[in-house]
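J.: The structure that follows is given in the form of structure tokens.
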Amino acid sequence: MNLDRLKTWDIESKYPVENITLNNNEVWPYLRELLIVHLSYQQFPVNISSFKLFSTLSRLGNIVFGLKNWFKSVHTVCFSFNINLSLFNGNYVDRYIGGVVASPDKNALVIEYATSRHLPMSKRVFKQVCSFSLINSLAFILSKVYFLFSSLKGKEVLNKICEEYKISKKKKKQIIKKLVHFHCRYILYRWVFKIKKIKEIVCTCHYQVLPEIKAAKELGLKVTEFQHGIIDQYHVSFMRKKQVSLSFLPDQLLVFGDKVKKNFTDKAHFIAQENIHVVGNYFIDLVKNNTVKNKLLSELRAQYEKIIVVPSISNFEKEMISFTVNSAKIDQGIAYLYFPRVISTDVRKWLNNDPQSNVYLLEDLSFYDCLSIADFHSTTFSTTAIEAPSFGVTTIAMVLDCHKKDVHPKDHFESIIPEGLIEYVESPEAFVEKIRTKEVPDRTWVINKNETNYFENYSGAINQYI
């Protein structure tokens, strides 16, 4: 498997990274995540037009989102992302922490990171939400001053890492400034948690909220992480070659199924396996127990011989749309229901460049709603490859041109997805041929085959741990 981000393991194996400190505070947990992103995005550039300008303007506008909720008395703070929201019965629900925030005794506040703009409160089931952008922006301002008085030790270690992995002086300076920014987030959230008398913290991605976790654990707060995506032996943010301070890690990790838990041996250098618990998935249980009856879905099922649902990956959005559209041209008897992470201007433009009548962008339904009529599911690296079989639907994975030389989806999935639940195609022609000729398997057989990836009884399990 050729992933540049795996070089992070080499770095922490070869260098005394624990010697790098900022004002005598450990910073390797922050630094390793910055290196993972840097090494990964050298290989996989994000296909978003005017990304920096758009992202800056959006986040400035996001600061006031849910502002009054910051001043409410709450028991639990949950950190999540706007891309974790999915439609259910006309409103949006957080797929991972929706069950926690729905519990009245938790009296929760969700601090949400938005990749673009936050969804309006009117479209949400849970409305006690505010924006991550507020404290993040204050930390950015504070870091400008704090940087002037910061002392970074272990510079010789950082210099050697930058030299070996060809990280420019400009990039190194940006990294150091980002370390200061992380530390300022820690300072501010320690103050917020203390002032608001928070009792517990919940998150869906620990490595995106390391400063917040450190602040919480220093105050003696319990921190719980919910699995939000595929965790395999190559997930460098969970699997390490050297143990970091537990003050940066959650107290417990709640996962979808047994297979994930078994990945966390002592060699992972994460938290003890006894603190990793199988609870299933709130949203999958919710959808399975409340099947949506939709006229359009019934009409599509009657109109098309085969139906494929295609949830996207943001980094490969343009390539996935091209692959889907070119497949749709070959056989008009196959419908493709396309679900982008965010329905952006770019997504609409790419779909409209070469519109096909059998490619659908269903804005009022979720990917999960459509699995009830789907013959197959398709993706590249998405978590949906282990979610779709929970509904009895198997996967035909797209192997995009950029993956043929670098990261093949098979490398990502082969240790996770049971045999018979996924196949791979390298061209639209092969994709259509597979759809035409592959027998649609029995749904019950698929669900049973996937049971190690997904535990079906979230409501019965969750109360034991949170």
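Residue numbering restarts at 1 for every chain of the structure tokens, chains are lettered A, B, ... in their displayed order, and ligands are numbered from 1 as they appear.
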Would you pick out the contacts of A:Thr21 at 6 Å or less, using only C-alpha atoms, so that residues sharing its chain but fewer than 2 positions from it are not included, and give the list as a ChimeraX atom specification?
T.: /A:24-27,152-153
J.: Contacts of A:Pro355 at 8 Å or less, counting only C-alpha atoms, minus same-chain residues fewer than 4 places along, as a ChimeraX atom specification?
T.: /A:325,351,359
J.: Kindly indicate which residue among A:Leu297, A:Leu134, A:Val407, A:Leu85 lies nearest to A:Asn62, using only C-alpha atoms for the distances.
T.: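 Residue with the minimum atom-to-atom distance to A:Asn62: A:Leu134.
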J.: Mind checking which residues fall within 12 Å of stretch 147-149 of chain A, counting only C-alpha atoms, ignoring those fewer than 6 positions away in the same chain, and posting them as a ChimeraX atom specification?
T.: /A:22-23,139-141,173-174,176-184
J.: Within 9 Å of stretch 192-199 of chain A, counting only C-alpha atoms, which residues show up once you throw out same-chain ones fewer than 5 positions away? Write them as a list in words, please.
T.: Phe71, Lys72, Ser73, Val74, His75, Thr76, Val77, Ile187, Ala215, Ala216, Leu219, Gly220, Leu221 and Lys222 of chain A
J.: Taking the DSSP assignment computed from this structure's backbone, write out as an NGL selection string all residues of stretch 266-466 of chain A that belong to helix (DSSP H, G or I).
T.: :A and (266-268 or 273-275 or 282-288 or 295-303 or 314-330 or 345-352 or 367-370 or 384-391 or 401-405 or 409-413 or 428-437 or 443-449 or 458-462)
J.: For stretch 116-121 of chain A, please output as a PyMOL selection string all residues within 12 Å (counting only C-alpha atoms; exclusion window: fewer than 2 positions along the same chain).
T.: chain A and resi 48+51-67+69+80-87+91-94+111-114+123-133+341-345
J.: Write out, as a short mmCIF file (atom, residue, chain, number, x, y, z; two decimals), in the first residue's frame, the residues just selected, with N, CA and C atoms.
T.:
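Once everything was written out, this is out_11.cif:
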data_model
loop_
_atom_site.label_atom_id
_atom_site.label_comp_id
_atom_site.auth_asym_id
_atom_site.auth_seq_id
_atom_site.Cartn_x
_atom_site.Cartn_y
_atom_site.Cartn_z
N ILE A 48 -11.64 21.78 -5.19
CA ILE A 48 -12.65 22.78 -4.88
C ILE A 48 -12.16 24.14 -5.40
N PHE A 51 -10.79 27.49 -3.11
CA PHE A 51 -11.03 26.86 -1.80
C PHE A 51 -10.68 27.78 -0.64
N LYS A 52 -9.52 28.41 -0.70
CA LYS A 52 -9.06 29.23 0.43
C LYS A 52 -9.98 30.42 0.67
N LEU A 53 -10.32 31.13 -0.40
CA LEU A 53 -11.18 32.30 -0.27
C LEU A 53 -12.56 31.90 0.21
N PHE A 54 -13.12 30.86 -0.43
CA PHE A 54 -14.47 30.39 -0.08
C PHE A 54 -14.51 29.96 1.38
N SER A 55 -13.50 29.18 1.79
CA SER A 55 -13.47 28.66 3.14
C SER A 55 -13.33 29.76 4.16
N THR A 56 -12.51 30.77 3.88
CA THR A 56 -12.31 31.88 4.81
C THR A 56 -13.59 32.68 4.98
N LEU A 57 -14.23 33.02 3.87
CA LEU A 57 -15.47 33.80 3.93
C LEU A 57 -16.58 33.04 4.64
N SER A 58 -16.67 31.73 4.37
CA SER A 58 -17.71 30.91 4.99
C SER A 58 -17.53 30.87 6.50
N ARG A 59 -16.29 30.67 6.94
CA ARG A 59 -16.05 30.54 8.38
C ARG A 59 -16.28 31.85 9.12
N LEU A 60 -15.98 32.97 8.47
CA LEU A 60 -16.27 34.26 9.09
C LEU A 60 -17.78 34.40 9.30
N GLY A 61 -18.54 33.98 8.32
CA GLY A 61 -20.00 34.03 8.45
C GLY A 61 -20.54 33.05 9.46
N ASN A 62 -19.82 31.98 9.68
CA ASN A 62 -20.28 30.94 10.60
C ASN A 62 -20.15 31.32 12.06
N ILE A 63 -19.33 32.32 12.38
CA ILE A 63 -19.05 32.67 13.78
C ILE A 63 -20.33 32.92 14.58
N VAL A 64 -21.30 33.58 13.96
CA VAL A 64 -22.52 33.95 14.69
C VAL A 64 -23.56 32.83 14.71
N PHE A 65 -23.29 31.73 14.01
CA PHE A 65 -24.27 30.64 13.97
C PHE A 65 -24.49 30.07 15.37
N GLY A 66 -25.75 30.05 15.81
CA GLY A 66 -26.09 29.48 17.12
C GLY A 66 -25.44 30.21 18.28
N LEU A 67 -25.16 31.50 18.11
CA LEU A 67 -24.40 32.25 19.11
C LEU A 67 -25.04 32.20 20.49
N ASN A 69 -26.62 29.92 21.87
CA ASN A 69 -26.49 28.61 22.53
C ASN A 69 -25.22 28.50 23.37
N SER A 80 -18.73 17.83 16.63
CA SER A 80 -19.07 17.07 15.43
C SER A 80 -18.86 17.94 14.19
N PHE A 81 -19.31 17.45 13.03
CA PHE A 81 -19.06 18.10 11.74
C PHE A 81 -20.36 18.19 10.96
N ASN A 82 -20.50 19.23 10.15
CA ASN A 82 -21.73 19.36 9.37
C ASN A 82 -21.88 18.23 8.35
N ILE A 83 -20.76 17.63 7.91
CA ILE A 83 -20.87 16.53 6.95
C ILE A 83 -21.37 15.24 7.60
N ASN A 84 -21.52 15.25 8.93
CA ASN A 84 -22.09 14.09 9.62
C ASN A 84 -23.62 14.11 9.62
N LEU A 85 -24.21 15.18 9.08
CA LEU A 85 -25.67 15.31 9.07
C LEU A 85 -26.26 14.61 7.86
N SER A 86 -27.35 13.89 8.11
CA SER A 86 -28.09 13.23 7.02
C SER A 86 -29.58 13.47 7.18
N LEU A 87 -30.26 13.49 6.05
CA LEU A 87 -31.71 13.68 6.06
C LEU A 87 -32.44 12.48 6.66
N ASN A 91 -35.81 16.30 7.90
CA ASN A 91 -34.89 17.10 8.72
C ASN A 91 -33.56 16.38 8.87
N TYR A 92 -32.54 17.15 9.26
CA TYR A 92 -31.20 16.59 9.35
C TYR A 92 -30.87 16.10 10.76
N VAL A 93 -30.23 14.93 10.80
CA VAL A 93 -29.84 14.27 12.05
C VAL A 93 -28.36 13.94 11.98
N ASP A 94 -27.64 14.09 13.09
CA ASP A 94 -26.24 13.68 13.14
C ASP A 94 -26.18 12.16 13.21
N ILE A 111 -20.97 21.55 19.32
CA ILE A 111 -20.08 22.53 18.70
C ILE A 111 -19.66 21.94 17.37
N GLU A 112 -20.15 22.53 16.30
CA GLU A 112 -20.06 21.92 14.98
C GLU A 112 -19.05 22.62 14.08
N TYR A 113 -18.17 21.83 13.49
CA TYR A 113 -17.23 22.32 12.48
C TYR A 113 -17.90 22.21 11.12
N ALA A 114 -17.91 23.29 10.37
CA ALA A 114 -18.55 23.28 9.04
C ALA A 114 -17.50 23.42 7.96
N LYS A 123 -33.82 23.34 9.60
CA LYS A 123 -33.72 22.05 8.91
C LYS A 123 -33.19 20.94 9.80
N ARG A 124 -32.97 21.22 11.07
CA ARG A 124 -32.36 20.26 11.99
C ARG A 124 -33.37 19.72 12.99
N VAL A 125 -33.14 18.48 13.41
CA VAL A 125 -33.93 17.91 14.50
C VAL A 125 -33.45 18.49 15.83
N PHE A 126 -32.13 18.50 16.04
CA PHE A 126 -31.54 19.03 17.27
C PHE A 126 -31.03 20.44 16.98
N LYS A 127 -31.44 21.40 17.81
CA LYS A 127 -31.17 22.80 17.49
C LYS A 127 -30.22 23.49 18.47
N GLN A 128 -29.77 22.79 19.49
CA GLN A 128 -28.84 23.40 20.45
C GLN A 128 -27.41 23.21 19.91
N VAL A 129 -27.13 23.97 18.87
CA VAL A 129 -25.88 23.83 18.12
C VAL A 129 -25.24 25.21 17.98
N CYS A 130 -23.91 25.25 18.02
CA CYS A 130 -23.19 26.49 17.74
C CYS A 130 -21.96 26.15 16.89
N SER A 131 -21.26 27.17 16.44
CA SER A 131 -20.19 26.96 15.49
C SER A 131 -18.81 26.87 16.15
N PHE A 132 -18.04 25.92 15.69
CA PHE A 132 -16.64 25.76 16.08
C PHE A 132 -15.83 27.00 15.70
N SER A 133 -16.32 27.73 14.72
CA SER A 133 -15.58 28.87 14.18
C SER A 133 -15.33 29.98 15.20
N ARG A 341 -21.17 14.75 -0.75
CA ARG A 341 -21.08 15.12 0.67
C ARG A 341 -21.76 16.46 0.91
N VAL A 342 -21.48 17.41 0.01
CA VAL A 342 -22.11 18.73 0.07
C VAL A 342 -22.56 19.08 -1.35
N ILE A 343 -23.82 19.50 -1.49
CA ILE A 343 -24.32 19.88 -2.81
C ILE A 343 -23.84 21.30 -3.10
N SER A 344 -22.66 21.40 -3.66
CA SER A 344 -22.03 22.69 -3.91
C SER A 344 -22.27 23.17 -5.33
N THR A 345 -21.84 24.40 -5.61
CA THR A 345 -21.91 24.94 -6.97
C THR A 345 -21.09 24.09 -7.92
#
J.: Can you pull out every residue within 6 Å of stretch 443-458 of chain A, counting only C-alpha atoms, but drop anything in the same chain fewer than 3 positions away, and send it as a list of chain:residue names?
T.: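 With the cut-off at 6 Å, the set is A:Phe256, A:Gly257, A:Asp258, A:Lys259, A:Val279, A:Gly280, A:Asn281, A:Tyr282, A:Pro389, A:Ser390, A:Gly392, A:Ala461, A:Ile462.
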J.: Smallest atom-to-atom distance to A:Cys402: which of A:Ser245, A:Asn275, A:Ser151, A:Thr380, using only C-alpha atoms?
T.: A:Thr380
J.: Please determine, counting only C-alpha atoms, which residue among A:Arg32, A:Lys438, A:Lys171, A:Arg95 has the shortest atom-to-atom distance to A:Ile284.
T.: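 When distances to A:Ile284 are compared using only C-alpha atoms, the smallest one comes from A:Arg95.
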